[in-house]
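Asker: What follows is a structure written as structure tokens; I'll ask about it next.
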Amino acid sequence: MSKNLDLVSRNIAKACERAGRDKADVTLIAVSKTKPVSMLMEAYRHGCRQFGENKVQELSQKYEEMPKDIQWHMIGHLQRNKVKYVVGKAALIHSVDSLKLAEEISREAVKKQLEVSILIEVNIANEESKYGVALSDAEKLIHGAALLPNIHIQGLMAIAPYVEDPEENRHYFTLLKQLSVDIKQKNIDNVNMNVLSMGMTGDYLTAIEEGATHVRVGTGIFGERHYPFQDI
Ligand SMILES: *Cc1c(COP(=O)(O)O)cnc(C)c1O
């Protein structure tokens, strides 16, 4: 597993070189969903401090059990009634796709007197199976969420389609980057477009070439996932 981490880091460095980017500008998030704390600790001891989880309960549990200098990324769909378990634990919530959800996060942040960083999740390929705001509605959502207290929009997130050939997703990464540039130009108060969270095991190098600042790699670090307790 440490070998995988090294390999992914080297690949990131090479992709940065190809794209003329500084590798310090790309953050690797180790997506540890379904994996036991023992494996996360191995990654931690190997220097990993950024972990991504997609379930509230799993994130909370691992947050309690793991060292406190970790930055946790909530990358999965977030229900409003579970917001209270994430605010104060996740360093960045990647999956905000409605004003109602943003409002709930803001309310909870105010209550806990915390400042919360969020990303707006965009359904970049318009897939029915995916969460995320439509590309054409993203700006409106950002304008609305920007007005809310104690939350800060740091950028955009997208989950590209599952494809065999990462080249097929390059177009979507370009689209998301372009959207972030367009929004940045509007200079909206309380909106940063410094974070572009895109790219997974199958396509993170292409995503970096197109401007990703955060890549979310699970399988490439921890191996295949098994969902033993899930009903099908
Ligand atoms: C699971 C997951 C990943 C990681 O996927 P891999 O293909 O295993 O790298 C990245 N982003 C999100 C939102 C995920 O749910």
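Simple scheme: letters A, B, ... for chains in structure tokens order, numbers from 1 for residues in each chain, numbers from 1 for ligands in the order shown.
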Would you name the residues within 9 Å of ligand 1, counting only C-alpha atoms and all ligand atoms, and put them as a PyMOL selection string?

Answerer: chain A and resi 29-33+52-54+74-77+94-95+157-159+162+197-204+215-225

Asker: Export N, CA, C and O atoms of the chosen residues as a short mmCIF file (atom, residue, chain, number, x, y, z; two decimals), in the first residue's frame?

Answerer:
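To be explicit, this is the file written out as result-v8.cif:
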data_model
loop_
_atom_site.label_atom_id
_atom_site.label_comp_id
_atom_site.auth_asym_id
_atom_site.auth_seq_id
_atom_site.Cartn_x
_atom_site.Cartn_y
_atom_site.Cartn_z
N ILE A 29 -5.90 13.32 -2.19
CA ILE A 29 -6.81 12.86 -1.14
C ILE A 29 -6.91 11.34 -1.24
O ILE A 29 -7.29 10.81 -2.28
N ALA A 30 -6.54 10.66 -0.17
CA ALA A 30 -6.64 9.20 -0.15
C ALA A 30 -8.08 8.83 0.22
O ALA A 30 -8.53 9.08 1.34
N VAL A 31 -8.79 8.27 -0.75
CA VAL A 31 -10.20 7.94 -0.52
C VAL A 31 -10.28 6.56 0.16
O VAL A 31 -10.02 5.53 -0.46
N SER A 32 -10.63 6.60 1.44
CA SER A 32 -10.48 5.42 2.29
C SER A 32 -11.80 4.73 2.62
O SER A 32 -11.85 3.86 3.49
N LYS A 33 -12.87 5.12 1.95
CA LYS A 33 -14.18 4.52 2.23
C LYS A 33 -14.12 3.00 2.16
O LYS A 33 -13.43 2.46 1.28
N GLY A 52 -10.41 10.95 2.30
CA GLY A 52 -11.75 11.23 1.80
C GLY A 52 -12.70 10.09 2.15
O GLY A 52 -12.36 8.92 2.01
N GLU A 53 -13.89 10.46 2.63
CA GLU A 53 -14.92 9.47 2.95
C GLU A 53 -16.23 9.93 2.32
O GLU A 53 -16.47 11.13 2.16
N ASN A 54 -17.10 8.96 2.02
CA ASN A 54 -18.36 9.35 1.38
C ASN A 54 -19.59 9.08 2.25
O ASN A 54 -20.70 9.38 1.83
N MET A 74 -15.28 15.32 3.06
CA MET A 74 -16.57 14.67 2.84
C MET A 74 -16.86 14.75 1.35
O MET A 74 -17.13 15.83 0.81
N ILE A 75 -16.79 13.59 0.67
CA ILE A 75 -16.91 13.61 -0.79
C ILE A 75 -18.20 12.98 -1.29
O ILE A 75 -18.47 12.96 -2.48
N GLY A 76 -19.00 12.43 -0.36
CA GLY A 76 -20.22 11.75 -0.78
C GLY A 76 -21.46 12.62 -0.60
O GLY A 76 -21.40 13.69 0.02
N HIS A 77 -22.56 12.13 -1.15
CA HIS A 77 -23.82 12.85 -1.02
C HIS A 77 -24.15 13.07 0.45
O HIS A 77 -24.01 12.17 1.28
N HIS A 94 -17.13 18.51 -0.06
CA HIS A 94 -17.03 18.63 -1.53
C HIS A 94 -18.38 18.59 -2.24
O HIS A 94 -18.43 18.86 -3.43
N SER A 95 -19.43 18.18 -1.52
CA SER A 95 -20.64 17.72 -2.20
C SER A 95 -21.87 18.61 -2.00
O SER A 95 -22.97 18.10 -1.87
N MET A 157 -16.36 20.85 -7.50
CA MET A 157 -16.05 19.42 -7.49
C MET A 157 -16.89 18.73 -8.54
O MET A 157 -18.03 19.15 -8.79
N ALA A 158 -16.34 17.70 -9.18
CA ALA A 158 -17.14 16.89 -10.10
C ALA A 158 -16.66 15.45 -10.09
O ALA A 158 -15.48 15.17 -9.83
N ILE A 159 -17.61 14.57 -10.32
CA ILE A 159 -17.29 13.16 -10.52
C ILE A 159 -17.54 12.87 -12.00
O ILE A 159 -18.67 12.90 -12.46
N TYR A 162 -17.67 7.05 -15.40
CA TYR A 162 -16.74 5.93 -15.35
C TYR A 162 -16.39 5.54 -16.79
O TYR A 162 -17.27 5.20 -17.57
N SER A 197 -11.71 20.09 -7.45
CA SER A 197 -11.62 18.70 -7.01
C SER A 197 -12.15 17.79 -8.11
O SER A 197 -13.36 17.66 -8.31
N MET A 198 -11.25 17.18 -8.87
CA MET A 198 -11.66 16.29 -9.96
C MET A 198 -10.55 15.30 -10.26
O MET A 198 -9.38 15.60 -10.09
N GLY A 199 -10.98 14.11 -10.69
CA GLY A 199 -10.02 13.07 -11.01
C GLY A 199 -10.01 11.99 -9.93
O GLY A 199 -9.93 12.29 -8.74
N MET A 200 -10.14 10.73 -10.37
CA MET A 200 -10.12 9.57 -9.50
C MET A 200 -9.08 8.59 -10.04
O MET A 200 -8.32 8.95 -10.94
N THR A 201 -9.06 7.37 -9.51
CA THR A 201 -8.00 6.43 -9.91
C THR A 201 -7.83 6.32 -11.43
O THR A 201 -6.71 6.34 -11.93
N GLY A 202 -8.95 6.26 -12.15
CA GLY A 202 -8.86 6.01 -13.59
C GLY A 202 -8.46 7.22 -14.42
O GLY A 202 -8.05 7.07 -15.57
N ASP A 203 -8.59 8.41 -13.83
CA ASP A 203 -8.39 9.59 -14.69
C ASP A 203 -7.72 10.78 -13.99
O ASP A 203 -7.79 11.90 -14.48
N TYR A 204 -7.06 10.54 -12.85
CA TYR A 204 -6.51 11.68 -12.10
C TYR A 204 -5.39 12.40 -12.83
O TYR A 204 -5.20 13.61 -12.65
N VAL A 215 -7.07 15.73 -6.22
CA VAL A 215 -7.50 14.49 -6.85
C VAL A 215 -7.89 13.51 -5.75
O VAL A 215 -7.30 13.49 -4.68
N ARG A 216 -8.91 12.71 -6.04
CA ARG A 216 -9.46 11.79 -5.03
C ARG A 216 -9.20 10.36 -5.48
O ARG A 216 -9.88 9.85 -6.36
N VAL A 217 -8.19 9.74 -4.89
CA VAL A 217 -7.78 8.42 -5.35
C VAL A 217 -8.03 7.37 -4.26
O VAL A 217 -7.49 7.47 -3.16
N GLY A 218 -8.85 6.39 -4.59
CA GLY A 218 -9.16 5.31 -3.65
C GLY A 218 -8.49 4.01 -4.05
O GLY A 218 -7.49 3.60 -3.47
N THR A 219 -9.05 3.37 -5.08
CA THR A 219 -8.56 2.07 -5.54
C THR A 219 -7.05 2.09 -5.82
O THR A 219 -6.35 1.13 -5.49
N GLY A 220 -6.56 3.14 -6.41
CA GLY A 220 -5.15 3.23 -6.77
C GLY A 220 -4.23 3.22 -5.56
O GLY A 220 -3.03 2.96 -5.69
N ILE A 221 -4.78 3.50 -4.38
CA ILE A 221 -3.97 3.47 -3.14
C ILE A 221 -4.29 2.24 -2.30
O ILE A 221 -3.40 1.50 -1.89
N PHE A 222 -5.57 2.02 -2.07
CA PHE A 222 -5.98 0.98 -1.11
C PHE A 222 -6.40 -0.33 -1.77
O PHE A 222 -6.71 -1.30 -1.09
N GLY A 223 -6.49 -0.36 -3.09
CA GLY A 223 -6.95 -1.56 -3.79
C GLY A 223 -8.46 -1.57 -3.95
O GLY A 223 -9.15 -0.65 -3.53
N GLU A 224 -8.94 -2.63 -4.56
CA GLU A 224 -10.38 -2.75 -4.84
C GLU A 224 -11.18 -2.67 -3.54
O GLU A 224 -10.72 -3.10 -2.49
N ARG A 225 -12.39 -2.14 -3.67
CA ARG A 225 -13.27 -2.08 -2.50
C ARG A 225 -14.23 -3.26 -2.51
O ARG A 225 -14.67 -3.70 -3.55
#

Asker: List the neighbours of His46 in chain A out to 10 Å using only C-alpha atoms; skip same-chain residues closer than 6 positions along the sequence, and give me the result as a VMD selection string.

Answerer: chain A and resid 1 to 3 5 to 6 40

Asker: For all heavy atoms, I'd like the residues from the last selection saved as an mmCIF file, in the first residue's frame.

Answerer:
data_model
loop_
_atom_site.group_PDB
_atom_site.id
_atom_site.type_symbol
_atom_site.label_atom_id
_atom_site.label_comp_id
_atom_site.auth_asym_id
_atom_site.auth_seq_id
_atom_site.Cartn_x
_atom_site.Cartn_y
_atom_site.Cartn_z
ATOM 1 N N MET A 1 0.825 -1.214 0.000
ATOM 2 C CA MET A 1 0.000 0.000 0.000
ATOM 3 C C MET A 1 0.860 1.265 0.000
ATOM 4 O O MET A 1 0.558 2.221 -0.704
ATOM 5 C CB MET A 1 -0.926 -0.030 1.210
ATOM 6 C CG MET A 1 -2.144 0.816 1.006
ATOM 7 S SD MET A 1 -1.987 2.340 1.843
ATOM 8 C CE MET A 1 -1.781 1.781 3.499
ATOM 9 N N SER A 2 1.953 1.236 0.791
ATOM 10 C CA SER A 2 2.878 2.372 0.760
ATOM 11 C C SER A 2 3.451 2.532 -0.643
ATOM 12 O O SER A 2 3.657 3.645 -1.116
ATOM 13 C CB SER A 2 4.034 2.157 1.735
ATOM 14 O OG SER A 2 3.531 1.811 2.998
ATOM 15 N N LYS A 3 3.658 1.379 -1.285
ATOM 16 C CA LYS A 3 4.175 1.416 -2.663
ATOM 17 C C LYS A 3 3.180 2.116 -3.587
ATOM 18 O O LYS A 3 3.566 2.893 -4.455
ATOM 19 C CB LYS A 3 4.403 -0.016 -3.171
ATOM 20 C CG LYS A 3 5.775 -0.552 -2.857
ATOM 21 C CD LYS A 3 6.022 -1.826 -3.673
ATOM 22 C CE LYS A 3 7.227 -2.561 -3.107
ATOM 23 N NZ LYS A 3 7.073 -4.027 -3.171
ATOM 24 N N LEU A 5 0.998 4.373 -2.733
ATOM 25 C CA LEU A 5 1.037 5.808 -2.413
ATOM 26 C C LEU A 5 2.220 6.482 -3.103
ATOM 27 O O LEU A 5 2.078 7.570 -3.678
ATOM 28 C CB LEU A 5 1.172 5.994 -0.900
ATOM 29 C CG LEU A 5 -0.073 6.368 -0.105
ATOM 30 C CD1 LEU A 5 0.262 6.444 1.376
ATOM 31 C CD2 LEU A 5 -0.677 7.701 -0.576
ATOM 32 N N ASP A 6 3.364 5.823 -3.042
ATOM 33 C CA ASP A 6 4.561 6.380 -3.689
ATOM 34 C C ASP A 6 4.357 6.502 -5.193
ATOM 35 O O ASP A 6 4.713 7.505 -5.807
ATOM 36 C CB ASP A 6 5.783 5.487 -3.425
ATOM 37 C CG ASP A 6 6.259 5.615 -1.987
ATOM 38 O OD1 ASP A 6 5.927 6.626 -1.341
ATOM 39 O OD2 ASP A 6 6.946 4.697 -1.514
ATOM 40 N N LEU A 40 -5.771 2.785 6.972
ATOM 41 C CA LEU A 40 -5.626 4.247 6.964
ATOM 42 C C LEU A 40 -4.389 4.643 7.770
ATOM 43 O O LEU A 40 -3.646 5.550 7.388
ATOM 44 C CB LEU A 40 -6.862 4.938 7.539
ATOM 45 C CG LEU A 40 -8.067 5.147 6.609
ATOM 46 C CD1 LEU A 40 -8.720 3.843 6.213
ATOM 47 C CD2 LEU A 40 -9.087 6.073 7.257
#

Asker: Write out as a VMD selection string the residues lying within 10 Å of Glu127 in chain A, counting only C-alpha atoms and excluding same-chain residues fewer than 6 positions away.

Answerer: chain A and resid 134 159 to 161

Asker: List every residue of chain A that DSSP, applied to the backbone of this structure, places in strand (DSSP E or B), and write the result as a ChimeraX atom specification.

Answerer: /A:27-31,50-53,71-74,90-96,116-123,133-134,151-157,191-197,214-217

Asker: Go ahead and dump the residues you just picked, C-alpha atoms, as a tab-separated table (two decimals), in the first residue's frame.

Answerer:
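So again10.tsv came out as:
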chain	number	residue	atom	x	y	z
A	27	THR	CA	-3.34	17.73	-3.16
A	28	LEU	CA	-3.76	13.97	-3.09
A	29	ILE	CA	-6.81	12.86	-1.14
A	30	ALA	CA	-6.64	9.20	-0.15
A	31	VAL	CA	-10.20	7.94	-0.52
A	50	GLN	CA	-5.74	13.96	3.61
A	51	PHE	CA	-8.46	11.34	3.67
A	52	GLY	CA	-11.75	11.23	1.80
A	53	GLU	CA	-14.92	9.47	2.95
A	71	GLN	CA	-7.87	16.70	7.14
A	72	TRP	CA	-11.07	14.85	6.37
A	73	HIS	CA	-12.86	15.39	3.09
A	74	MET	CA	-16.57	14.67	2.84
A	90	ALA	CA	-14.68	17.65	7.74
A	91	ALA	CA	-12.06	20.19	6.67
A	92	LEU	CA	-13.79	20.47	3.31
A	93	ILE	CA	-17.27	19.38	2.21
A	94	HIS	CA	-17.03	18.63	-1.53
A	95	SER	CA	-20.64	17.72	-2.20
A	96	VAL	CA	-22.83	20.79	-1.82
A	116	VAL	CA	-16.85	25.83	7.09
A	117	SER	CA	-15.24	25.42	3.67
A	118	ILE	CA	-17.36	23.91	0.93
A	119	LEU	CA	-17.19	23.04	-2.74
A	120	ILE	CA	-20.08	23.11	-5.16
A	121	GLU	CA	-20.59	19.71	-6.78
A	122	VAL	CA	-21.40	19.95	-10.46
A	123	ASN	CA	-23.00	17.12	-12.42
A	133	VAL	CA	-26.01	20.83	-9.64
A	134	ALA	CA	-26.44	21.15	-13.39
A	151	ILE	CA	-19.58	29.06	5.06
A	152	HIS	CA	-17.00	29.73	2.37
A	153	ILE	CA	-17.11	28.49	-1.19
A	154	GLN	CA	-13.61	27.40	-2.12
A	155	GLY	CA	-14.28	25.97	-5.56
A	156	LEU	CA	-15.90	23.20	-7.55
A	157	MET	CA	-16.05	19.42	-7.49
A	191	VAL	CA	-16.35	33.01	-3.24
A	192	ASN	CA	-12.93	31.61	-3.98
A	193	MET	CA	-12.26	29.42	-6.97
A	194	ASN	CA	-8.97	28.06	-5.68
A	195	VAL	CA	-10.04	24.45	-5.44
A	196	LEU	CA	-10.87	22.17	-8.34
A	197	SER	CA	-11.62	18.70	-7.01
A	214	HIS	CA	-7.38	18.05	-5.55
A	215	VAL	CA	-7.50	14.49	-6.85
A	216	ARG	CA	-9.46	11.79	-5.03
A	217	VAL	CA	-7.78	8.42	-5.35

Asker: Residues at most 12 Å from Glu210 in chain A, counting only C-alpha atoms, excluding those fewer than 6 positions away in the same chain, as JSON, numbers by chain?

Answerer: {"A": [15, 16, 18, 19, 20, 21, 26, 166, 167, 169, 170, 171, 172, 173, 174, 175, 176, 177, 178, 180, 196, 197, 198, 199, 203, 204]}

Asker: Suppose you want the space between CA of Lys14 in chain A and CA of Arg45 in chain A; what is it in Å?

Answerer: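 CA of Arg45 in chain A lies at a distance of 23.7 Å from CA of Lys14 in chain A.
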
Asker: Using only C-alpha atoms, pick whichever of A:Leu148, A:Ala125, A:Asn81, A:Leu59 has the shortest atom-to-atom distance to Ala102 in chain A.

Answerer: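 Between A:Leu148, A:Ala125, A:Asn81, A:Leu59, the residue approaching Ala102 in chain A most closely is A:Leu148.
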